[in-house]
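Report on one structure; see the data block that follows.
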Amino acid sequence: MSVILVVGTAKGMVIYRTDDRRQDWASNGLELNGWTITAATRDKDGRTYVGVTHDVYGAVIIVSDDLKSWRQIENGPRYPATDLGNEQHNRVIGAMDPMGNRKAPHRHVDQIWKLHAVDDVVYAGVSEAGLFRSNDRGESWDPVSGLNNHPTRDEWEPGFGGLCAHSILVDEKNSDRIWVGISAAGVFRSDDGGKTWDGKNDGVSKDEGYCVHGLAHDPNNANFIYRQDHRGMYRTYDGGDSWELYENGLPVAELSDGHKCVFGFPVEWDTNNDGVYALPLEADAYRYPKDGELKVYRTRAEGNRWETLSNGLPSDTFASILRGAMSVDHLSPGGVYFGTSAGQVFASSDNGDNWIRMPETLPRVLCVEAFNV
């Protein structure tokens with residue numbers, strides 16, 4: 001089976017293609033030049049969705065049915081013009097808005113952080129933090145008001161990148177059960193298709209405001225979830241009702257406030273091979289691999305220890321790996337892929353045991369998504 005790898009960067013997108021996942025990766029170079037590519041997904045009928053943003057034109061969704069021609073969706077996710085935004089979020093985003101398009105006090109969709117297709121529905125997680133849903137293959141988007149106007153919203157605080165909904169999980173056996181990770185409001189779960197939502201953060205340190213960085217689960221065993229937080233790696237067996245710290249074998253770092261824990265962003269679950277992958281970094285003040293030694297960590301789903309995977313990875317990389325910049329292809333053996341803020345992209349075709357570096361040095365990598373075609 002062929003694999004396509006969508007790599008979104010700060011200056012465009014590269015689509016790699018391969019038939020053997022080893023040495024024959026090929027691309028047509030940088031596409032959608034000038035756009036910042038922040039998210040991607042592909043639906044069951046082969047349409048690819050890409051979340052992009054631009055200093056002038058803002059955040060939009062672009063789609064393609066053949067990975068050759070692309071068009072912008074006219075009715076993308078948008079908040080009502082009367083919605084008031086989070087003051088702290090507007091201050092953070094305003095500092096990164098050179099054209100002044102997203103002015104306070106309104107609530108804006110300033111970035112598409114996550115796209116997730118399941119069955120006939122496509123979800124978009126955005127900032128300012130919220131969730132939108134499309135039932136017509138992305139042509140129109142409805143707000144999931146139960147989350148977007150949650151009773152606790154006034155208490156939500158932004159993380160370093162603003163108040164963003166960046167992780168979406170759906171139970172494939174019961175699509176009414178949905179999890180969303182919001183920095184820095186925590187994890188929320190709905191059991192009724194998005195009508196109502198409950199915070200699911202018991203057992204997680206709140207010193208950084210429940211600053212969840214990433215979520216991963218097996219959609220067929222949806223109650224078992226891994227959660228990379230600002231203050232540690234956690235797991236739950238009950239859908240988030242309770243969380244436990246699970247850092248055995250991971251590199252513990254000292255945060256800027258003296259707290260010692262595992263710090264990082266991406267976490268991915270390879271459903272077909274029963275492996276979970278993480279990329280810890282050297283604390284919040286540095287955000288690069290410890291001692292510059294780039295290492296991926298793997299645990300079997302119910303194992304008791306994380307193991308190190310570094311064969312073929314460099315030992316002199318002081319670049320970050322962002323939350324959306326890792327993906328798996330769910331083939332057997334499993335393909336694992338990630339990119340760095342220095343524009344390097346690495347691939348493994350054997351469950352992470354061995355790695356190769358992909359062609360080209362790209363701009364800052366923001367998202368990586370693997371799809372089987």
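For the structure tokens, the naming scheme is as follows: chains receive sequential letters (A, B, ...) according to their order of presentation, residues are indexed from 1 within each chain, and ligands are indexed from 1 in presentation order.
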
Exercise: Gly199 in chain A partners within 10 Å, only C-alpha atoms, chain neighbours under 3 positions left out, as a PyMOL selection string = chain A and resi 152+179-181+185-190+202+240-241

Could you save the residues just selected, with N, CA and C atoms, as a PDB file, in the first residue's frame?
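Dumped everything to again-v3.pdb:
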ATOM      1  N   THR A 152     -17.801  26.914  31.940  1.00  0.00           N
ATOM      2  CA  THR A 152     -16.531  27.283  32.580  1.00  0.00           C
ATOM      3  C   THR A 152     -15.646  28.143  31.672  1.00  0.00           C
ATOM      4  N   TRP A 179     -13.520  13.444  22.729  1.00  0.00           N
ATOM      5  CA  TRP A 179     -12.607  14.111  23.658  1.00  0.00           C
ATOM      6  C   TRP A 179     -11.918  15.255  22.924  1.00  0.00           C
ATOM      7  N   VAL A 180     -11.750  16.391  23.600  1.00  0.00           N
ATOM      8  CA  VAL A 180     -11.026  17.536  23.041  1.00  0.00           C
ATOM      9  C   VAL A 180     -10.021  18.020  24.076  1.00  0.00           C
ATOM     10  N   GLY A 181      -8.791  18.254  23.631  1.00  0.00           N
ATOM     11  CA  GLY A 181      -7.763  18.823  24.493  1.00  0.00           C
ATOM     12  C   GLY A 181      -7.584  20.298  24.191  1.00  0.00           C
ATOM     13  N   ALA A 185      -6.961  24.733  29.266  1.00  0.00           N
ATOM     14  CA  ALA A 185      -8.181  24.445  30.020  1.00  0.00           C
ATOM     15  C   ALA A 185      -8.331  22.972  30.351  1.00  0.00           C
ATOM     16  N   GLY A 186      -7.557  22.088  29.676  1.00  0.00           N
ATOM     17  CA  GLY A 186      -7.601  20.674  29.995  1.00  0.00           C
ATOM     18  C   GLY A 186      -8.344  19.855  28.962  1.00  0.00           C
ATOM     19  N   VAL A 187      -8.735  18.646  29.371  1.00  0.00           N
ATOM     20  CA  VAL A 187      -9.451  17.710  28.514  1.00  0.00           C
ATOM     21  C   VAL A 187     -10.937  17.760  28.841  1.00  0.00           C
ATOM     22  N   PHE A 188     -11.753  17.800  27.786  1.00  0.00           N
ATOM     23  CA  PHE A 188     -13.211  17.769  27.941  1.00  0.00           C
ATOM     24  C   PHE A 188     -13.748  16.568  27.167  1.00  0.00           C
ATOM     25  N   ARG A 189     -14.778  15.925  27.741  1.00  0.00           N
ATOM     26  CA  ARG A 189     -15.399  14.774  27.086  1.00  0.00           C
ATOM     27  C   ARG A 189     -16.892  14.981  26.953  1.00  0.00           C
ATOM     28  N   SER A 190     -17.424  14.607  25.795  1.00  0.00           N
ATOM     29  CA  SER A 190     -18.865  14.589  25.579  1.00  0.00           C
ATOM     30  C   SER A 190     -19.314  13.155  25.366  1.00  0.00           C
ATOM     31  N   ASP A 202      -9.070  14.902  36.598  1.00  0.00           N
ATOM     32  CA  ASP A 202      -8.753  14.422  37.948  1.00  0.00           C
ATOM     33  C   ASP A 202      -7.448  13.630  37.940  1.00  0.00           C
ATOM     34  N   GLY A 240     -10.824   9.101  30.956  1.00  0.00           N
ATOM     35  CA  GLY A 240     -10.464  10.400  31.502  1.00  0.00           C
ATOM     36  C   GLY A 240     -11.077  10.699  32.849  1.00  0.00           C
ATOM     37  N   ASP A 241     -11.878   9.781  33.381  1.00  0.00           N
ATOM     38  CA  ASP A 241     -12.455  10.021  34.710  1.00  0.00           C
ATOM     39  C   ASP A 241     -11.359  10.149  35.765  1.00  0.00           C
TER      40      ASP A 241
END

Using only C-alpha atoms, find each residue of range 6-28 of chain A with at least one atom at most 9 Å away from an atom of range 335-354 of chain A; report its shortest atom-to-atom pair and that distance in Å (one decimal), sort the rows by chain and rising residue number, and return the result as CSV.
residue,atom,partner,partner_atom,distance
A:Val7,CA,A:Gly339,CA,7.9
A:Thr9,CA,A:Gly343,CA,8.1
A:Asp20,CA,A:Ser349,CA,8.6
A:Arg21,CA,A:Ser349,CA,5.9
A:Arg22,CA,A:Ser349,CA,6.6

For those residues, write C-alpha atoms to a file as a PDB file, in the first residue's frame.
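Writing done, so here's out-v1.pdb:
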ATOM      1  CA  VAL A   7       4.009  17.988   5.968  1.00  0.00           C
ATOM      2  CA  THR A   9       5.279  24.194   7.433  1.00  0.00           C
ATOM      3  CA  ASP A  20       7.766   0.976  -0.041  1.00  0.00           C
ATOM      4  CA  ARG A  21       8.202   3.513   2.846  1.00  0.00           C
ATOM      5  CA  ARG A  22      11.990   3.181   2.673  1.00  0.00           C
TER       6      ARG A  22
END

key: All helix (DSSP H, G or I) positions in range 69-193 of chain A, as a PyMOL selection string   = chain A and resi 87-94+145-148+153-155

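The space separating CA of Val252 in chain A from CA of Thr38 in chain A comes to 28.7 Å.
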
inquiry  = Just list as number ranges by chain whatever in range 216-310 of chain A DSSP marks as strand (DSSP E).
reply    = A: 216-218, 221-229, 232-236, 244-245, 253-254, 260-261, 263-270, 275-281, 296-300, 307-309

ask   = Which residue out of A:Asp110, A:Asp19, A:Asp83, A:Asp270 has the minimum interatomic distance to Ile61 in chain A when only C-alpha atoms are used?
value =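 Among the listed residues, A:Asp110 lies closest to Ile61 in chain A.
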
ask   = From the set A:Ala285, A:Leu279, A:Val144, A:Ala81, which residue has the shortest atom-to-atom contact distance to Pro105 in chain A, counting only C-alpha atoms?
value =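 Closest residue, counting only C-alpha atoms: A:Ala81.
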
So which residues touch Asn33 in chain A within 9 Å, counting only C-alpha atoms, skipping near sequence neighbours fewer than 5 positions away, as a PDB file with C-alpha atoms, in the first residue's frame?
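Result file follows (around_24.pdb):
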ATOM      1  CA  LYS A  11       5.798  28.679   4.521  1.00  0.00           C
ATOM      2  CA  GLY A  12       3.848  26.038   2.644  1.00  0.00           C
ATOM      3  CA  MET A  13       3.213  22.310   2.351  1.00  0.00           C
TER       4      MET A  13
END

Excluding same-chain residues fewer than 5 positions from Trp141 in chain A, what lies within 8 Å of it counting only C-alpha atoms, as a CSV table (one decimal) with C-alpha atoms, in the first residue's frame?
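Final file, out04.csv:
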chain,number,residue,atom,x,y,z
A,75,ASN,CA,-17.9,28.9,4.6
A,76,GLY,CA,-15.2,27.8,7.0
A,77,PRO,CA,-15.3,27.8,10.8
A,132,PHE,CA,-16.6,23.0,14.7
A,133,ARG,CA,-18.2,20.2,12.7
A,134,SER,CA,-19.0,19.6,9.1
A,135,ASN,CA,-21.5,17.0,7.8

query = Which of these residues is nearest to Gly292 in chain A, using only C-alpha atoms: A:Ser2, A:Ser315, A:Ser175, A:Asn220?
reply = A:Ser315

ask   = Looking at A:Arg364, A:His108, A:His116, A:Arg71, which one is nearest to Ala129 in chain A, with distances taken over only C-alpha atoms?
value =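 The closest residue to Ala129 in chain A is A:His108.
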
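Candidate residues A:His217, A:Lys260, A:Arg177, A:Arg298 were compared for distance to Arg231 in chain A, and the nearest is A:Lys260, using only C-alpha atoms.
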
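The nearest approach to Ala222 in chain A among the residues A:Arg235, A:His150, A:His89, A:Arg357, with only C-alpha atoms taken into account, belongs to A:Arg235.
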